[in-house]
>>> print(open('structure_16.cif').read())   # mmCIF, C-alpha atoms
data_run
#
loop_
_atom_site.label_atom_id
_atom_site.label_comp_id
_atom_site.auth_asym_id
_atom_site.auth_seq_id
_atom_site.Cartn_x
_atom_site.Cartn_y
_atom_site.Cartn_z
CA MET C 8 -19.14 -60.74 -48.00
CA LYS C 9 -20.53 -64.00 -46.71
CA LEU C 10 -22.78 -64.45 -49.73
CA ARG C 11 -19.94 -63.82 -52.17
CA THR C 12 -17.87 -66.51 -50.49
CA PHE C 13 -20.79 -68.85 -50.69
CA LYS C 14 -21.26 -68.17 -54.43
CA MET C 15 -17.75 -69.31 -55.16
CA SER C 16 -18.28 -72.45 -53.12
CA ALA C 17 -21.53 -73.23 -54.92
CA VAL C 18 -19.95 -72.95 -58.36
CA ALA C 19 -17.14 -75.26 -57.35
CA LEU C 20 -19.48 -77.88 -55.96
CA VAL C 21 -22.08 -77.76 -58.71
CA LEU C 22 -19.62 -77.83 -61.59
CA GLY C 23 -17.13 -80.14 -59.94
CA VAL C 24 -14.31 -77.59 -59.88
CA GLY C 25 -13.43 -78.51 -56.31
CA ALA C 26 -12.35 -82.01 -57.30
CA ALA C 27 -10.37 -80.73 -60.24
CA ILE C 28 -8.44 -78.31 -58.03
CA ALA C 29 -7.85 -80.82 -55.24
CA ALA C 30 -5.89 -83.29 -57.36
CA PRO C 31 -3.06 -81.00 -58.51
CA MET C 32 -2.76 -79.60 -55.00
CA ALA C 33 -2.27 -83.09 -53.62
CA ALA C 34 0.25 -83.90 -56.32
CA ALA C 35 2.18 -80.75 -55.54
CA GLN C 36 2.33 -81.72 -51.88
CA GLU C 37 3.59 -85.20 -52.72
CA SER C 38 6.34 -83.87 -54.98
CA ALA C 39 7.62 -81.36 -52.45
CA PRO C 40 11.22 -81.98 -51.35
CA ALA C 41 11.50 -84.08 -48.20
CA ALA C 42 13.89 -81.59 -46.62
CA ALA C 43 11.62 -78.59 -47.13
CA ALA C 44 11.08 -76.41 -44.07
CA PRO C 45 7.78 -77.05 -42.29
CA LYS C 46 5.05 -74.67 -43.31
CA LYS C 47 2.44 -73.11 -41.11
CA PRO C 48 -0.69 -75.28 -41.26
CA SER C 49 -3.36 -73.97 -43.60
CA GLY C 50 -6.76 -75.03 -44.84
CA PRO C 51 -10.12 -75.31 -43.16
CA VAL C 52 -8.76 -77.68 -40.48
CA ILE C 53 -5.25 -77.55 -38.99
CA CYS C 54 -5.51 -80.14 -36.23
CA PRO C 55 -2.41 -82.35 -35.68
CA GLY C 56 -2.60 -85.49 -37.79
CA TYR C 57 -5.51 -84.16 -39.81
CA VAL C 58 -5.96 -85.79 -43.20
CA LYS C 59 -8.17 -84.01 -45.67
CA GLY C 60 -11.14 -86.14 -46.68
CA LYS C 61 -12.44 -86.69 -50.17
CA THR C 62 -14.46 -83.79 -51.50
CA THR C 63 -18.12 -84.72 -51.77
CA LEU C 64 -20.33 -83.31 -54.51
CA VAL C 65 -24.10 -83.09 -54.66
CA GLY C 66 -25.95 -85.67 -56.74
CA GLU C 67 -27.03 -84.94 -60.29
CA ARG C 68 -30.74 -84.39 -59.54
CA THR C 69 -30.08 -82.16 -56.57
CA GLY C 70 -27.27 -80.45 -58.45
CA LYS C 71 -29.64 -79.26 -61.18
CA LYS C 72 -31.92 -77.65 -58.62
CA VAL C 73 -28.94 -76.09 -56.83
CA GLN C 74 -27.64 -74.74 -60.15
CA ALA C 75 -31.03 -73.19 -60.93
CA ALA C 76 -31.21 -71.65 -57.48
CA PHE C 77 -27.69 -70.33 -57.83
CA GLU C 78 -28.48 -68.70 -61.16
CA ALA C 79 -31.59 -67.04 -59.69
CA TYR C 80 -29.59 -65.81 -56.73
CA ASN C 81 -26.81 -64.53 -58.98
CA GLU C 82 -29.43 -62.40 -60.77
CA ASP C 83 -30.66 -61.01 -57.41
CA ARG C 84 -33.82 -63.12 -57.45
CA VAL C 85 -33.17 -64.30 -53.93
CA GLN C 86 -36.72 -65.29 -53.00
CA GLU C 87 -37.02 -67.36 -56.20
CA ALA C 88 -33.75 -69.14 -55.31
CA ILE C 89 -35.14 -69.89 -51.84
CA ASP C 90 -38.39 -71.26 -53.30
CA ILE C 91 -36.47 -73.55 -55.68
CA LEU C 92 -34.38 -74.98 -52.85
CA LYS C 93 -37.39 -75.49 -50.58
CA GLU C 94 -38.90 -77.76 -53.28
CA VAL C 95 -35.86 -80.03 -53.20
CA ASP C 96 -36.34 -83.24 -51.20
CA PRO C 97 -32.95 -84.99 -51.25
CA SER C 98 -32.68 -88.54 -50.00
CA ASP C 99 -28.91 -88.37 -49.58
CA ASP C 100 -27.60 -87.01 -46.24
CA PHE C 101 -24.93 -84.86 -47.88
CA ASP C 102 -27.34 -83.43 -50.47
CA ARG C 103 -29.84 -82.58 -47.73
CA ALA C 104 -27.15 -80.94 -45.59
CA TYR C 105 -25.82 -79.00 -48.56
CA VAL C 106 -29.27 -77.72 -49.57
CA ASN C 107 -30.06 -76.75 -45.97
CA ARG C 108 -26.78 -74.85 -45.77
CA PHE C 109 -27.51 -73.03 -49.04
CA LEU C 110 -31.01 -72.18 -47.81
CA GLY C 111 -29.71 -70.98 -44.46
CA ASN C 112 -27.19 -68.68 -46.10
CA LEU C 113 -29.80 -67.17 -48.41
CA ILE C 114 -32.45 -66.70 -45.72
CA ALA C 115 -29.88 -65.20 -43.34
CA SER C 116 -29.54 -62.31 -45.79
CA GLN C 117 -33.21 -61.40 -45.33
CA GLU C 118 -34.35 -58.98 -42.66
CA GLY C 119 -35.99 -60.56 -39.62
CA LYS C 120 -35.49 -64.18 -40.69
CA GLY C 121 -32.53 -65.04 -38.50
CA MET C 122 -34.29 -67.83 -36.63
CA GLU C 123 -35.52 -69.51 -39.84
CA ALA C 124 -31.99 -69.37 -41.25
CA PHE C 125 -30.66 -70.73 -37.95
CA GLY C 126 -32.90 -73.81 -38.24
CA TYR C 127 -31.67 -74.70 -41.72
CA LEU C 128 -28.02 -74.11 -40.85
CA LYS C 129 -28.28 -76.15 -37.68
CA SER C 130 -29.78 -79.04 -39.68
CA SER C 131 -26.92 -78.81 -42.16
CA VAL C 132 -24.15 -79.36 -39.58
CA GLU C 133 -25.79 -81.91 -37.29
CA PRO C 134 -25.10 -84.93 -39.55
CA LYS C 135 -21.45 -83.81 -39.93
CA VAL C 136 -21.42 -84.76 -43.60
CA LEU C 137 -20.53 -81.42 -45.20
CA ASN C 138 -17.06 -80.89 -46.61
CA ASP C 139 -14.68 -79.51 -43.98
CA LEU C 140 -14.62 -75.98 -45.38
CA GLU C 141 -18.43 -75.71 -45.44
CA HIS C 142 -18.85 -77.41 -42.06
CA ALA C 143 -16.37 -75.04 -40.40
CA GLY C 144 -17.85 -71.96 -42.00
CA THR C 145 -21.38 -72.96 -41.01
CA LEU C 146 -20.40 -73.51 -37.38
CA LYS C 147 -18.99 -70.00 -37.23
CA LEU C 148 -22.04 -68.57 -39.01
CA LEU C 149 -24.31 -70.31 -36.50
CA GLY C 150 -22.35 -68.61 -33.73
CA ASP C 151 -22.83 -65.22 -35.41
CA LEU C 152 -26.54 -65.82 -35.98
CA SER C 153 -26.93 -66.89 -32.37
CA MET C 154 -25.40 -63.59 -31.31
CA GLN C 155 -27.74 -61.71 -33.64
CA GLU C 156 -30.76 -63.50 -32.20
CA GLN C 157 -29.47 -63.06 -28.64
CA LYS C 158 -29.10 -66.83 -28.14
CA TYR C 159 -25.88 -66.30 -26.25
CA SER C 160 -25.48 -69.80 -24.84
CA ASP C 161 -25.79 -71.25 -28.35
CA ALA C 162 -23.28 -68.70 -29.62
CA VAL C 163 -20.66 -69.85 -27.12
CA SER C 164 -21.35 -73.48 -28.02
CA TYR C 165 -20.97 -72.95 -31.77
CA TYR C 166 -17.84 -70.84 -31.43
CA ASP C 167 -16.31 -73.56 -29.26
CA GLN C 168 -17.37 -76.21 -31.79
CA TRP C 169 -15.71 -74.20 -34.56
CA MET C 170 -12.45 -73.97 -32.62
CA ASP C 171 -12.57 -77.66 -31.65
CA PHE C 172 -13.27 -78.74 -35.23
CA THR C 173 -10.69 -76.53 -36.96
CA CYS C 174 -8.08 -76.27 -34.18
CA LYS C 175 -7.94 -72.59 -35.19
CA GLU C 176 -8.04 -69.46 -33.09
CA ASP C 177 -9.55 -66.18 -34.21
CA ALA C 178 -9.50 -62.88 -32.36
CA GLN C 179 -12.98 -61.90 -33.50
CA VAL C 180 -14.42 -65.26 -32.46
CA TYR C 181 -12.90 -64.91 -29.00
CA THR C 182 -14.25 -61.35 -28.77
CA ARG C 183 -17.76 -62.47 -29.71
CA LYS C 184 -17.52 -65.36 -27.28
CA ALA C 185 -16.49 -62.93 -24.53
CA GLN C 186 -19.48 -60.76 -25.36
CA ALA C 187 -21.83 -63.77 -25.30
CA LEU C 188 -20.50 -64.74 -21.88
CA TYR C 189 -20.90 -61.18 -20.66
CA GLU C 190 -24.51 -61.08 -21.86
CA GLN C 191 -25.15 -64.25 -19.84
CA LYS C 192 -23.60 -62.54 -16.80
CA LYS C 193 -20.87 -65.17 -16.67
CA PHE C 194 -18.46 -62.42 -15.74
CA ASP C 195 -15.79 -64.73 -14.31
CA GLN C 196 -15.36 -66.35 -17.76
CA VAL C 197 -15.18 -63.18 -19.84
CA ALA C 198 -11.57 -62.24 -19.10
CA SER C 199 -10.15 -65.53 -20.41
CA ALA C 200 -11.86 -65.20 -23.80
CA ALA C 201 -11.02 -61.50 -24.00
CA ASP C 202 -7.35 -62.17 -23.16
CA ASN C 203 -7.13 -64.69 -25.99
CA ALA C 204 -8.55 -62.10 -28.39
CA ILE C 205 -6.03 -59.52 -27.15
CA ARG C 206 -3.16 -62.01 -27.54
CA LEU C 207 -4.10 -62.84 -31.13
CA ASN C 208 -4.56 -59.18 -32.03
CA GLU C 209 -1.12 -58.38 -30.63
CA GLU C 210 0.41 -61.24 -32.63
CA ALA C 211 -1.22 -59.81 -35.76
CA ASP C 212 -0.15 -56.27 -34.81
CA LYS C 213 -3.79 -55.19 -34.60
CA LEU C 214 -5.50 -53.01 -32.04
CA ASP C 215 -9.11 -53.63 -31.04
CA LYS C 216 -10.73 -51.88 -28.07
CA ASN C 217 -13.61 -54.33 -27.71
CA PRO C 218 -11.84 -57.15 -25.78
CA TYR C 219 -10.52 -54.58 -23.29
CA LEU C 220 -13.97 -53.04 -22.86
CA LEU C 221 -15.53 -56.45 -22.26
CA LYS C 222 -12.90 -57.26 -19.61
CA LEU C 223 -13.41 -53.90 -17.97
CA SER C 224 -17.20 -54.28 -17.89
CA ALA C 225 -16.99 -57.83 -16.52
CA PHE C 226 -14.60 -56.82 -13.73
CA PHE C 227 -16.78 -53.81 -12.90
CA GLU C 228 -19.96 -55.89 -12.74
CA SER C 229 -18.13 -58.38 -10.51
CA LYS C 230 -17.10 -55.47 -8.24
CA LYS C 231 -13.45 -56.30 -8.87
CA TYR C 232 -12.50 -52.65 -8.84
CA PRO C 233 -8.68 -52.93 -8.69
CA GLU C 234 -8.81 -55.18 -11.79
CA THR C 235 -11.19 -52.69 -13.40
CA VAL C 236 -8.67 -49.91 -12.79
CA SER C 237 -5.88 -52.00 -14.31
CA VAL C 238 -7.82 -52.56 -17.55
CA ALA C 239 -8.85 -48.88 -17.66
CA GLU C 240 -5.17 -47.89 -17.36
CA THR C 241 -4.36 -50.17 -20.29
CA LEU C 242 -7.14 -48.59 -22.34
CA VAL C 243 -5.78 -45.05 -21.95
CA ASN C 244 -2.29 -46.28 -22.84
CA LYS C 245 -3.49 -48.15 -25.92
CA PHE C 246 -6.05 -45.55 -27.01
CA PRO C 247 -4.82 -42.20 -25.65
CA ASP C 248 -6.96 -40.16 -28.05
CA ASN C 249 -10.24 -41.52 -26.67
CA GLY C 250 -11.41 -39.06 -24.04
CA THR C 251 -14.08 -41.39 -22.68
CA TYR C 252 -11.42 -43.78 -21.38
CA TRP C 253 -9.61 -41.00 -19.48
CA ILE C 254 -12.85 -39.85 -17.87
CA GLN C 255 -13.77 -43.42 -16.93
CA LEU C 256 -10.33 -44.07 -15.46
CA SER C 257 -10.67 -41.02 -13.23
CA SER C 258 -14.02 -42.33 -11.97
CA PHE C 259 -12.54 -45.76 -11.28
CA TYR C 260 -9.66 -44.20 -9.34
CA MET C 261 -12.25 -42.48 -7.14
CA MET C 262 -13.96 -45.81 -6.53
CA VAL C 263 -10.74 -47.23 -5.10
CA GLU C 264 -10.07 -43.96 -3.24
CA ARG C 265 -6.98 -43.04 -5.23
CA PHE C 266 -8.04 -39.43 -5.36
CA ASP C 267 -4.63 -38.06 -6.32
CA LYS C 268 -4.70 -40.22 -9.44
CA ALA C 269 -8.31 -39.28 -10.09
CA VAL C 270 -7.61 -35.55 -10.20
CA GLN C 271 -4.43 -35.99 -12.25
CA THR C 272 -6.22 -38.15 -14.80
CA LEU C 273 -9.23 -35.89 -15.19
CA ASP C 274 -6.92 -32.87 -15.39
CA VAL C 275 -5.10 -34.55 -18.30
CA ALA C 276 -8.46 -35.14 -19.97
CA TYR C 277 -9.39 -31.49 -19.44
CA THR C 278 -6.09 -30.23 -20.84
CA ALA C 279 -6.57 -32.46 -23.90
CA GLY C 280 -10.02 -30.97 -24.48
CA PHE C 281 -11.98 -34.14 -23.67
CA LEU C 282 -14.35 -32.62 -21.10
CA GLU C 283 -17.45 -31.39 -22.89
CA LYS C 284 -20.31 -31.91 -20.43
CA ASP C 285 -21.27 -29.75 -17.48
CA SER C 286 -21.16 -32.78 -15.18
CA GLN C 287 -17.54 -33.42 -16.17
CA ILE C 288 -16.49 -29.85 -15.41
CA LYS C 289 -18.27 -30.03 -12.05
CA GLN C 290 -16.52 -33.31 -11.27
CA LEU C 291 -13.10 -31.82 -12.02
CA ALA C 292 -13.89 -28.79 -9.87
CA SER C 293 -14.90 -31.09 -7.02
CA LEU C 294 -11.64 -33.03 -7.36
CA TYR C 295 -9.62 -29.79 -7.38
CA SER C 296 -11.36 -28.70 -4.20
CA ASN C 297 -10.88 -32.05 -2.46
CA ALA C 298 -7.22 -32.00 -3.46
CA GLY C 299 -6.74 -28.71 -1.60
CA ASN C 300 -6.94 -26.38 -4.58
CA PRO C 301 -10.25 -24.51 -4.15
CA HIS C 302 -9.03 -21.54 -6.20
CA ALA C 303 -8.62 -23.80 -9.26
CA ALA C 304 -12.09 -25.21 -8.60
CA ALA C 305 -13.67 -21.75 -8.41
CA SER C 306 -11.82 -20.44 -11.46
CA LEU C 307 -12.83 -23.48 -13.51
CA LEU C 308 -16.50 -23.13 -12.59
CA ALA C 309 -16.45 -19.38 -13.22
CA LYS C 310 -14.92 -19.92 -16.66
CA TYR C 311 -17.66 -22.29 -17.75
CA VAL C 312 -20.43 -20.18 -16.23
CA ASN C 313 -19.19 -17.36 -18.44
CA SER C 314 -19.00 -19.66 -21.47
CA GLY C 315 -22.60 -20.78 -20.95
CA LEU C 316 -21.84 -24.46 -20.35
CA LEU C 317 -22.82 -24.16 -16.68
CA LYS C 318 -26.08 -22.61 -15.52
CA LYS C 319 -26.03 -19.05 -14.26
CA ASP C 320 -28.18 -19.74 -11.22
CA ALA C 321 -27.92 -18.96 -7.52
CA GLU C 322 -26.72 -22.44 -6.60
CA MET C 323 -23.81 -22.33 -9.05
CA PHE C 324 -22.83 -18.77 -8.07
CA ALA C 325 -22.87 -19.83 -4.41
CA ASN C 326 -20.68 -22.86 -5.15
CA ILE C 327 -18.14 -20.64 -6.87
CA ALA C 328 -18.28 -18.16 -4.00
CA ASN C 329 -17.75 -20.93 -1.47
CA SER C 330 -14.66 -22.18 -3.32
CA PHE C 331 -13.20 -18.67 -3.54
CA HIS C 332 -13.95 -18.28 0.17
CA GLN C 333 -12.04 -21.49 0.94
CA ALA C 334 -9.15 -20.10 -1.12
CA LYS C 335 -9.32 -16.89 1.01
CA ASP C 336 -10.02 -14.86 -2.11
CA TYR C 337 -12.58 -12.78 -0.26
CA LYS C 338 -13.35 -10.18 -2.91
CA ASP C 339 -14.13 -12.74 -5.61
CA ALA C 340 -16.09 -14.80 -3.10
CA ALA C 341 -18.13 -11.74 -2.14
CA SER C 342 -18.72 -10.91 -5.80
CA PHE C 343 -20.22 -14.33 -6.52
CA TYR C 344 -22.33 -14.28 -3.35
CA GLY C 345 -23.65 -11.00 -4.68
CA LYS C 346 -24.53 -12.68 -7.99
CA ALA C 347 -26.22 -15.50 -6.09
CA ALA C 348 -28.23 -12.96 -4.11
CA ALA C 349 -29.25 -11.11 -7.28
CA ALA C 350 -30.42 -14.39 -8.82
CA ASP C 351 -32.32 -15.59 -5.76
CA SER C 352 -32.83 -12.64 -3.33
CA ASP C 353 -31.90 -15.00 -0.49
CA PRO C 354 -30.87 -12.77 2.44
CA GLU C 355 -28.29 -15.36 3.50
CA TYR C 356 -26.30 -14.67 0.32
CA TYR C 357 -26.34 -10.95 1.11
CA ARG C 358 -25.16 -11.68 4.65
CA LYS C 359 -22.25 -13.79 3.40
CA GLN C 360 -21.37 -11.15 0.82
CA GLY C 361 -21.36 -8.43 3.45
CA THR C 362 -19.30 -10.47 5.91
CA LEU C 363 -16.64 -11.20 3.28
CA LEU C 364 -16.52 -7.57 2.12
CA LEU C 365 -15.96 -6.59 5.75
CA VAL C 366 -13.00 -8.98 5.90
CA ALA C 367 -11.74 -7.55 2.59
CA GLU C 368 -12.03 -4.05 4.13
CA ASP C 369 -14.59 -2.89 1.57
CA TYR C 370 -16.70 -1.26 4.25
CA LYS C 371 -19.12 0.62 2.01
CA GLY C 372 -19.81 -2.56 0.04
CA ALA C 373 -20.24 -4.50 3.29
CA ILE C 374 -22.74 -1.95 4.63
CA LYS C 375 -24.83 -2.15 1.46
CA ALA C 376 -24.88 -5.98 1.39
CA LEU C 377 -25.60 -6.35 5.12
CA THR C 378 -28.38 -3.76 4.94
CA ASN C 379 -29.93 -5.75 2.07
CA ALA C 380 -29.76 -8.86 4.25
CA LEU C 381 -31.58 -7.10 7.07
CA GLU C 382 -34.23 -5.64 4.79
CA ARG C 383 -34.97 -9.10 3.37
CA GLY C 384 -35.49 -10.67 6.79
CA ALA C 385 -32.22 -12.49 7.35
CA GLU C 386 -31.95 -14.78 10.36
CA ASP C 387 -29.95 -13.68 13.43
CA PRO C 388 -30.38 -9.94 12.77
CA ALA C 389 -28.35 -9.10 15.90
CA LYS C 390 -25.25 -10.65 14.32
CA ILE C 391 -25.80 -8.59 11.20
CA HIS C 392 -26.13 -5.46 13.33
CA PHE C 393 -22.82 -6.34 14.98
CA SER C 394 -21.16 -6.63 11.56
CA LEU C 395 -22.75 -3.35 10.49
CA MET C 396 -21.38 -1.78 13.65
CA GLU C 397 -17.86 -2.82 12.62
CA ALA C 398 -18.29 -1.74 9.00
CA ASN C 399 -19.62 1.67 9.96
CA PHE C 400 -16.95 2.14 12.63
CA TYR C 401 -14.08 1.44 10.20
CA SER C 402 -15.66 3.65 7.56
CA GLY C 403 -15.82 6.51 10.11
CA ASN C 404 -19.58 6.61 10.59
CA PHE C 405 -19.51 6.38 14.37
CA LYS C 406 -23.11 7.46 14.88
CA ALA C 407 -24.39 4.60 12.71
CA ALA C 408 -21.89 2.26 14.40
CA TYR C 409 -23.32 3.20 17.80
CA GLU C 410 -26.90 2.61 16.63
CA HIS C 411 -26.06 -0.90 15.40
CA ASN C 412 -24.10 -1.52 18.61
CA GLN C 413 -27.21 -0.85 20.64
CA LYS C 414 -29.26 -3.27 18.59
CA ALA C 415 -26.58 -5.94 18.74
CA LYS C 416 -26.47 -5.51 22.50
CA GLU C 417 -30.04 -6.81 22.72
CA ASP C 418 -28.82 -10.31 21.86
CA LYS C 419 -27.55 -12.15 24.94
CA SER C 420 -24.87 -14.00 22.98
CA LEU C 421 -23.44 -10.71 21.66
CA ARG C 422 -24.08 -8.45 24.66
CA ARG C 423 -20.59 -8.78 26.20
CA ASN C 424 -18.80 -8.03 22.92
CA ALA C 425 -21.15 -5.17 22.13
CA LEU C 426 -20.57 -3.66 25.58
CA ALA C 427 -16.82 -3.87 25.01
CA TRP C 428 -17.18 -1.94 21.75
CA GLU C 429 -19.54 0.73 23.12
CA PRO C 430 -17.00 2.96 24.98
CA TYR C 431 -14.51 2.55 22.13
CA ILE C 432 -17.10 3.92 19.67
CA LYS C 433 -18.00 6.79 22.01
CA ASP C 434 -14.33 7.77 22.46
CA LYS C 435 -13.69 7.77 18.71
CA ALA C 436 -16.82 9.83 18.09
CA LYS C 437 -15.90 12.31 20.87
CA ASN C 438 -12.37 12.71 19.46
CA ARG C 439 -13.88 13.57 16.10
CA GLY C 440 -16.38 15.95 17.62
CA ILE C 441 -19.33 13.73 16.70
CA LYS C 442 -22.28 13.72 19.03
CA ILE C 443 -23.98 10.32 19.34
#
>>> encode(input="structure_16.cif", output="structure tokens")
Amino acid sequence: MKLRTFKMSAVALVLGVGAAIAAPMAAAQESAPAAAAPKKPSGPVICPGYVKGKTTLVGERTGKKVQAAFEAYNEDRVQEAIDILKEVDPSDDFDRAYVNRFLGNLIASQEGKGMEAFGYLKSSVEPKVLNDLEHAGTLKLLGDLSMQEQKYSDAVSYYDQWMDFTCKEDAQVYTRKAQALYEQKKFDQVASAADNAIRLNEEADKLDKNPYLLKLSAFFESKKYPETVSVAETLVNKFPDNGTYWIQLSSFYMMVERFDKAVQTLDVAYTAGFLEKDSQIKQLASLYSNAGNPHAAASLLAKYVNSGLLKKDAEMFANIANSFHQAKDYKDAASFYGKAAAADSDPEYYRKQGTLLLVAEDYKGAIKALTNALERGAEDPAKIHFSLMEANFYSGNFKAAYEHNQKAKEDKSLRRNALAWEPYIKDKAKNRGIKI
């Protein structure tokens, strides 16, 4: 695109078309009615009071070389065009600047030669002898090349020079300037450039996410978290179909401890189908739990364990069980503690499963789980014996209940409670004709 523009400029300058076009344009302006409505400024420079200078053309000797280079370039013999131009040694300041600009444009099209192109282009604008159109375009190109070569301070300088010279504003230039400032960690200056880009895009009825993202990143790096949240809110309003922005906004809400907003926002993202990673599902589950909805947390995790997105390991099963436990859904909690135990053989998982089954009045299931806990060397066996005493008692196995009562009684912390149960178990067994 840049090279095509340059081709047209070269033809005009070499063949003198520019001068031929300029005259009728000037005549047309002079003959315009005095009462005509003011038009929006146009042209390469729109500064107040600006008077277009005379178009300068290259000299005849230089022009022949330029024409030969142009013809080679037009036939895709770029390196030959560059070699021709490098042989030119103009004595005139304009001719030298023009040749350097042509060389810079051609070399810029070659891979890995940005800095060489930069040198020629810089030399072409320093004397300030190029025609306004070429001078303005080269300043902007120098800014772009500076960005490409990561010379961010130079990029800002050339973009500012372009705006000062032309009195023009351009959304893309402001966006690139904001990026250059961000790369230099001048975070306090990024928002101003980004806001100008946003303003110009809005005036042109265009939508570009990049200025918003640069503002957001600059505020975040500056630890201005409320401002970060504000920009993130704008992003989801302007670009509601981008799931990344919803997920980020939820994270920013958490940073400023607006947890109600965090869970609402991530829930919207989930409903819209934006959550695709296991970490995102885990984050939503955590927010559900913190918001007082552990059942939703457990159900969400269980769903994605079944789908395969989340690992089917003991830790995950235990997390789900814990959430169901918090929700007082004891049977489901016990079921997932059982899965955790099967995956890990940790006696603690069996103990928790048995305890919850006892609460859920599944006494046979409780006995099996608690026995597994004992057999695998669970800590505090006396407490497990006490729970087995209860499970066996309520299932009608008074003899087994009495046996576990005696073992529980050996623990000083449980002795009083076990002694209180002992006559009760004996009475029930006697009433049923069971000898213990």
>>> residues_around(input="structure_16.cif", residues="Ala407 in chain C", least_positions_apart="6", cutoff="12 Å", atoms="only C-alpha atoms", output="list in words")
Ile374, His392, Phe393, Ser394, Leu395, Met396, Glu397, Ala398, Asn399, Phe400, Tyr401, Gln413, Lys414, Ile432, Lys433, Ala436, Ile441, Lys442 and Ile443 of chain C
>>> resolve_selection(input="structure_16.cif", expression="the PyMOL selection byres ((chain C and resi 287) around 12)", output="PyMOL selection string")
chain C and resi 250-251+253-255+257-258+270+273-274+276-277+280-286+288-294+307-308+311+316-317
>>> closest_atom_pairs(input="structure_16.cif", of="range 211-314 of chain C", to="range 329-340 of chain C", cutoff="7 Å", atoms="all atoms listed in the file", output="tab-separated table")
residue	atom	partner	partner_atom	distance
C:Pro301	CA	C:Ser330	CA	5.1
C:His302	CA	C:Ala334	CA	5.3
C:Ala304	CA	C:Ser330	CA	6.6
C:Ala305	CA	C:Ser330	CA	5.2
>>> residues_around(input="structure_16.cif", residues="Pro233 in chain C", least_positions_apart="2", cutoff="12 Å", atoms="only C-alpha atoms", output="JSON, numbers by chain")
{"C": [223, 226, 227, 229, 230, 231, 235, 236, 237, 238, 239, 240, 256, 259, 260, 261, 262, 263, 264, 265]}
>>> atom_distance(input="structure_16.cif", atom1="CA of Lys268 in chain C", atom2="CA of Ala309 in chain C")
24.2 Å
>>> resolve_selection(input="structure_16.cif", expression="the PyMOL selection byres ((chain C and resi 342) around 10)", output="ChimeraX atom specification")
/C:324-325,327-328,331,337-341,343-348,360-361,363-364
>>> atom_distance(input="structure_16.cif", atom1="CA of Gly403 in chain C", atom2="CA of Thr362 in chain C")
17.8 Å
>>> resolve_selection(input="structure_16.cif", expression="the PyMOL selection byres ((chain C and resi 52) around 12)", output="PyMOL selection string")
chain C and resi 48-51+53-60+138-144+169-176
>>> closest_residue(input="structure_16.cif", among="C:Ser116, C:Tyr105, C:Glu156, C:Pro97", to="Tyr80 in chain C", atoms="only C-alpha atoms")
C:Ser116
>>> residues_around(input="structure_16.cif", residues="Phe246 in chain C", least_positions_apart="4", cutoff="8 Å", atoms="all atoms listed in the file", output="list in words")
Lys216, Leu242 and Tyr252 of chain C
>>> atom_distance(input="structure_16.cif", atom1="CA of Leu220 in chain C", atom2="CA of Gln186 in chain C")
9.8 Å
>>> closest_residue(input="structure_16.cif", among="C:Leu221, C:Ala415, C:Ala204, C:Ala349", to="Asp320 in chain C", atoms="all atoms listed in the file")
C:Ala349
>>> axis_aligned_box(input="structure_16.cif", around="range 53-66 of chain C", padding_each_side="8 Å", output="JSON")
{"center_x": -14.2, "center_y": -82.1, "center_z": -46.2, "size_x": 39.5, "size_y": 25.1, "size_z": 37.1}
>>> residues_around(input="structure_16.cif", residues="Leu113 in chain C", least_positions_apart="6", cutoff="9 Å", atoms="all atoms listed in the file", output="MDAnalysis selection string")
chainID C and resid 10 80 85:86 88:89 124
>>> write_last_selection(input="structure_16.cif", atoms="C-alpha atoms", output="mmCIF file, in the frame of the given file")
data_model
loop_
_atom_site.group_PDB
_atom_site.id
_atom_site.type_symbol
_atom_site.label_atom_id
_atom_site.label_comp_id
_atom_site.auth_asym_id
_atom_site.auth_seq_id
_atom_site.Cartn_x
_atom_site.Cartn_y
_atom_site.Cartn_z
ATOM 1 C CA LEU C 10 -22.780 -64.450 -49.730
ATOM 2 C CA TYR C 80 -29.590 -65.810 -56.730
ATOM 3 C CA VAL C 85 -33.170 -64.300 -53.930
ATOM 4 C CA GLN C 86 -36.720 -65.290 -53.000
ATOM 5 C CA ALA C 88 -33.750 -69.140 -55.310
ATOM 6 C CA ILE C 89 -35.140 -69.890 -51.840
ATOM 7 C CA ALA C 124 -31.990 -69.370 -41.250
#
>>> residues_around(input="structure_16.cif", residues="Ala200 in chain C", least_positions_apart="2", cutoff="7 Å", atoms="only C-alpha atoms", output="list in words")
Tyr181, Thr182, Lys184, Ala185, Val197, Ala198, Asp202, Asn203 and Ala204 of chain C
>>> closest_residue(input="structure_16.cif", among="C:Val312, C:Leu92, C:Ala373, C:Ala76", to="Lys359 in chain C", atoms="only C-alpha atoms")
C:Ala373
